[in-house]
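Worksheet: the structure to be examined is printed underneath.
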Amino acid sequence: MKRLLLLLLPVVAVAVFSAGCDRIKERPVLRIGYMNCNNERETMERFAPLSRYLSEQVGVTFETIPVDTHEFEERFRAGEFALTHTNSLLYILLKEDAGLKLVAADKRGHYGSRTAGTLIARKGSGIETLEDIRGKRLVFGPMMAPTGYLAQYDLMLQAGIDPERDLGYYAIPAGSFKHEKLIYGVYFGDFDVAAAPALDLEEMTREGKIAADDFVILAQSQIVPYCTFGAAPDLDPVIFAKVRQALLELTPTDTVEIDGERVKVLKAAWVDGFEELLDSDYDPIREMARRVNMPPYQTY
Amino acid sequence: MPKFSQTSLLWLLMVVATAAMAALLVTASGDDPRWRTAGLDKAVERELAFQARAAFLQKVYAPVEALLAAGQAQTALLKLDELERSFSGDPHGFILRGEILRDLGVLDRAIANYVRALKLSGDYLEEASPLSRRTEIRHLVDQGLRELVPRARSNPDNRSLAATVGELHYLQSRLAGGCE
């Protein structure tokens, strides 16, 4: 009898091990499209730990896919992503055009899950009010940036300044780190006015790159939601609920292993935490987009 | 010689020690001027430290107050970021940030900052303290109860709103005299 048991033991062990492998193989693989802020490498470094954390918490293998802003809509429509991480304007676009569902918003900086757009000038430049920017050189952030382009364009229109006619000229910097570039552009005198997100001013001040007294804030928009997690309309509701719960419960001390190193998930992602917002919280951006005639509400 | 267990001996020692302490208290209190002086010194020291802290905070955060008085709330927040590099975790920084965010209408973040400040220092709730923010906190709680609680009730599954209401109730309990 003992001999029989000894013979059966390896068979049972192999069966159990194989079943485990099958379970791993059966685990669904889903893709998260992360909007590139600067470049693919940075996106991978920031968000691969977050995808790993979500995989561990949800029991699904999530792949990190860096996506350029202008490609996002087409790739999402093609069904490439189960989850998206984009700015708030892109969230609205994907919601209106392709049924994206709101999961949670990033929290970062003074305003938590929100931030504002500002128009700044170098202190001592003689530009003290919004009215002074007529005929001046202005630098915007990327066109799809809610608080680096949209909010400031709207601020100017609301003040009776048409950026297409009333400025000397305006430009958008090329390449990566556009928000930092435009702040430095004003600091070093290449431009008179910049459309700076309040969050970037905060971060650069905290890091000692600029001082609070270096600039005059000529105008500031109302605060609006910023980076947002969304889910495809056909995502399994159980996975949706688990992802949201995992994001909301994520704390600064949570870590995952990446290439043999323990990494703090939130710190890697440059995020303080996540917050559950309501879709109506995004209405101020919708109103701005309508006034500025931007997608998804543009008319010709 | 009677035999005592170890527990009985410990009880006996405790009774003797308690009696000795009581005797010391009775004899030392009352008219002994040395005790009165020591108590007075402590009160003076405490008051001096408090006054020094209030003066120090006034000086350090004067640029923030000046920006606020000039209506430059965002620049005041940036100035706080600058100061935080030298005075990280100072409750007064959280108080000022809470005030600015409240004025800007960002109630949830204002509440979060007041909570952080009060968890670090209860001075801001003392009516007689020059640092007191009791009235401001009471107004913030009233505003939060009016605006945030109905929003949370309409969205009972929203955990972030529930967390903010939890923080609001924390401020309310501290105003009512509850301890940390």
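Order determines the names: the first chain of the structure tokens is A, the second B, and so forth; residues in each chain are numbered 1 upward, and ligands are numbered 1 upward as they are shown.
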Practice item. Using only C-alpha atoms, determine which residues of chain A fall within 7 Å of chain B; present them as a PyMOL selection string. Key: chain A and resi 111-112+202+205-206+212+275-276
Point to revise | strand (DSSP E or B) call set, DSSP backbone run, range 131-291 of chain A, as number ranges by chain | key: A: 137-139, 169-171, 193-197, 215-220, 224-225, 228-231, 255-258, 261-264, 273-275
Since we have the selection now, will you write its residues out, keeping C-alpha atoms, as a PDB file, in the first residue's frame?
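Done, and the output landed in out_0.pdb:
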```pdb
ATOM      1  CA  ARG A 137       3.927  86.694 -27.971  1.00  0.00           C
ATOM      2  CA  LEU A 138       2.112  83.806 -26.296  1.00  0.00           C
ATOM      3  CA  VAL A 139       3.065  80.152 -25.938  1.00  0.00           C
ATOM      4  CA  TYR A 169       1.480  85.595 -32.442  1.00  0.00           C
ATOM      5  CA  TYR A 170       1.170  82.325 -30.598  1.00  0.00           C
ATOM      6  CA  ALA A 171       3.111  79.089 -30.724  1.00  0.00           C
ATOM      7  CA  VAL A 193       2.943  85.142 -21.907  1.00  0.00           C
ATOM      8  CA  ALA A 194       2.497  81.406 -21.310  1.00  0.00           C
ATOM      9  CA  ALA A 195      -0.515  79.108 -20.865  1.00  0.00           C
ATOM     10  CA  ALA A 196       0.740  77.165 -17.837  1.00  0.00           C
ATOM     11  CA  PRO A 197      -1.163  74.473 -15.952  1.00  0.00           C
ATOM     12  CA  PHE A 215       5.805  85.241 -12.399  1.00  0.00           C
ATOM     13  CA  VAL A 216       2.613  87.282 -12.384  1.00  0.00           C
ATOM     14  CA  ILE A 217      -0.526  85.167 -12.725  1.00  0.00           C
ATOM     15  CA  LEU A 218      -2.655  87.236 -15.074  1.00  0.00           C
ATOM     16  CA  ALA A 219      -5.708  84.976 -15.010  1.00  0.00           C
ATOM     17  CA  GLN A 220      -6.752  81.583 -13.738  1.00  0.00           C
ATOM     18  CA  VAL A 224     -11.446  71.107 -13.533  1.00  0.00           C
ATOM     19  CA  PRO A 225     -10.696  67.364 -13.378  1.00  0.00           C
ATOM     20  CA  THR A 228      -8.777  60.152 -15.651  1.00  0.00           C
ATOM     21  CA  PHE A 229      -9.139  56.380 -15.777  1.00  0.00           C
ATOM     22  CA  GLY A 230     -11.913  55.183 -18.081  1.00  0.00           C
ATOM     23  CA  ALA A 231     -13.274  51.779 -19.043  1.00  0.00           C
ATOM     24  CA  THR A 255       4.618  48.348  -3.763  1.00  0.00           C
ATOM     25  CA  VAL A 256       5.063  45.873  -6.610  1.00  0.00           C
ATOM     26  CA  GLU A 257       8.093  44.109  -7.980  1.00  0.00           C
ATOM     27  CA  ILE A 258       9.415  45.388 -11.304  1.00  0.00           C
ATOM     28  CA  GLU A 261      13.069  45.811  -7.540  1.00  0.00           C
ATOM     29  CA  ARG A 262      10.268  46.798  -5.109  1.00  0.00           C
ATOM     30  CA  VAL A 263       8.710  49.980  -6.471  1.00  0.00           C
ATOM     31  CA  LYS A 264       6.182  52.295  -4.800  1.00  0.00           C
ATOM     32  CA  GLY A 273      -3.986  58.722  -4.976  1.00  0.00           C
ATOM     33  CA  PHE A 274      -7.256  58.250  -6.853  1.00  0.00           C
ATOM     34  CA  GLU A 275     -10.691  59.740  -6.395  1.00  0.00           C
TER      35      GLU A 275
END
```
Exercise for review: Please provide the set of residues having any atom within 12 Å of Glu127 in chain B, restricted to only C-alpha atoms, with same-chain residues fewer than 5 positions apart removed, written as a VMD selection string.
Suggested key: chain B and resid 122 132 to 138 175 177
Point to revise | Expected answer as a ChimeraX atom specification: alpha helix (DSSP H) residues in range 141-189 of chain A | key: /A:151-158,163-166,178-187
How would the residues just picked look written out with N, CA and C atoms as a PDB file, in the first residue's frame?
```
ATOM      1  N   ALA A 151      -8.319  75.752 -21.397  1.00  0.00           N
ATOM      2  CA  ALA A 151      -8.770  76.676 -20.343  1.00  0.00           C
ATOM      3  C   ALA A 151      -8.294  78.099 -20.622  1.00  0.00           C
ATOM      4  N   GLN A 152      -7.044  78.228 -21.110  1.00  0.00           N
ATOM      5  CA  GLN A 152      -6.507  79.572 -21.359  1.00  0.00           C
ATOM      6  C   GLN A 152      -7.141  80.219 -22.585  1.00  0.00           C
ATOM      7  N   TYR A 153      -7.374  79.411 -23.620  1.00  0.00           N
ATOM      8  CA  TYR A 153      -8.036  79.936 -24.824  1.00  0.00           C
ATOM      9  C   TYR A 153      -9.406  80.481 -24.425  1.00  0.00           C
ATOM     10  N   ASP A 154     -10.090  79.697 -23.574  1.00  0.00           N
ATOM     11  CA  ASP A 154     -11.418  80.103 -23.095  1.00  0.00           C
ATOM     12  C   ASP A 154     -11.334  81.366 -22.237  1.00  0.00           C
ATOM     13  N   LEU A 155     -10.314  81.424 -21.374  1.00  0.00           N
ATOM     14  CA  LEU A 155     -10.143  82.615 -20.520  1.00  0.00           C
ATOM     15  C   LEU A 155     -10.025  83.870 -21.379  1.00  0.00           C
ATOM     16  N   MET A 156      -9.242  83.768 -22.459  1.00  0.00           N
ATOM     17  CA  MET A 156      -9.039  84.929 -23.327  1.00  0.00           C
ATOM     18  C   MET A 156     -10.343  85.308 -24.037  1.00  0.00           C
ATOM     19  N   LEU A 157     -11.037  84.296 -24.572  1.00  0.00           N
ATOM     20  CA  LEU A 157     -12.311  84.595 -25.255  1.00  0.00           C
ATOM     21  C   LEU A 157     -13.288  85.261 -24.297  1.00  0.00           C
ATOM     22  N   GLN A 158     -13.332  84.735 -23.063  1.00  0.00           N
ATOM     23  CA  GLN A 158     -14.254  85.295 -22.061  1.00  0.00           C
ATOM     24  C   GLN A 158     -13.907  86.744 -21.734  1.00  0.00           C
ATOM     25  N   PRO A 163      -7.585  85.049 -29.493  1.00  0.00           N
ATOM     26  CA  PRO A 163      -6.181  84.665 -29.681  1.00  0.00           C
ATOM     27  C   PRO A 163      -5.758  84.667 -31.148  1.00  0.00           C
ATOM     28  N   GLU A 164      -6.708  84.456 -32.059  1.00  0.00           N
ATOM     29  CA  GLU A 164      -6.351  84.394 -33.483  1.00  0.00           C
ATOM     30  C   GLU A 164      -6.069  85.782 -34.055  1.00  0.00           C
ATOM     31  N   ARG A 165      -6.584  86.819 -33.425  1.00  0.00           N
ATOM     32  CA  ARG A 165      -6.432  88.158 -34.001  1.00  0.00           C
ATOM     33  C   ARG A 165      -5.732  89.150 -33.086  1.00  0.00           C
ATOM     34  N   ASP A 166      -5.907  88.970 -31.772  1.00  0.00           N
ATOM     35  CA  ASP A 166      -5.471  90.025 -30.856  1.00  0.00           C
ATOM     36  C   ASP A 166      -4.066  89.832 -30.286  1.00  0.00           C
ATOM     37  N   LYS A 178       6.425  69.850 -22.883  1.00  0.00           N
ATOM     38  CA  LYS A 178       5.908  71.120 -23.416  1.00  0.00           C
ATOM     39  C   LYS A 178       5.559  72.097 -22.297  1.00  0.00           C
ATOM     40  N   HIS A 179       4.957  71.580 -21.197  1.00  0.00           N
ATOM     41  CA  HIS A 179       4.524  72.499 -20.139  1.00  0.00           C
ATOM     42  C   HIS A 179       5.718  73.190 -19.482  1.00  0.00           C
ATOM     43  N   GLU A 180       6.763  72.421 -19.229  1.00  0.00           N
ATOM     44  CA  GLU A 180       7.974  73.024 -18.636  1.00  0.00           C
ATOM     45  C   GLU A 180       8.610  73.999 -19.626  1.00  0.00           C
ATOM     46  N   LYS A 181       8.640  73.595 -20.889  1.00  0.00           N
ATOM     47  CA  LYS A 181       9.272  74.443 -21.913  1.00  0.00           C
ATOM     48  C   LYS A 181       8.620  75.814 -21.970  1.00  0.00           C
ATOM     49  N   LEU A 182       7.277  75.834 -21.890  1.00  0.00           N
ATOM     50  CA  LEU A 182       6.619  77.134 -22.039  1.00  0.00           C
ATOM     51  C   LEU A 182       6.825  78.008 -20.792  1.00  0.00           C
ATOM     52  N   ILE A 183       6.940  77.390 -19.640  1.00  0.00           N
ATOM     53  CA  ILE A 183       7.201  78.178 -18.421  1.00  0.00           C
ATOM     54  C   ILE A 183       8.616  78.770 -18.504  1.00  0.00           C
ATOM     55  N   TYR A 184       9.563  77.933 -18.937  1.00  0.00           N
ATOM     56  CA  TYR A 184      10.928  78.453 -19.128  1.00  0.00           C
ATOM     57  C   TYR A 184      10.981  79.470 -20.268  1.00  0.00           C
ATOM     58  N   GLY A 185      10.116  79.270 -21.276  1.00  0.00           N
ATOM     59  CA  GLY A 185      10.080  80.198 -22.407  1.00  0.00           C
ATOM     60  C   GLY A 185       9.776  81.615 -21.964  1.00  0.00           C
ATOM     61  N   VAL A 186       8.861  81.747 -20.998  1.00  0.00           N
ATOM     62  CA  VAL A 186       8.543  83.073 -20.458  1.00  0.00           C
ATOM     63  C   VAL A 186       9.640  83.526 -19.496  1.00  0.00           C
ATOM     64  N   TYR A 187      10.140  82.584 -18.715  1.00  0.00           N
ATOM     65  CA  TYR A 187      11.176  82.919 -17.722  1.00  0.00           C
ATOM     66  C   TYR A 187      12.406  83.510 -18.425  1.00  0.00           C
TER      67      TYR A 187
END
```
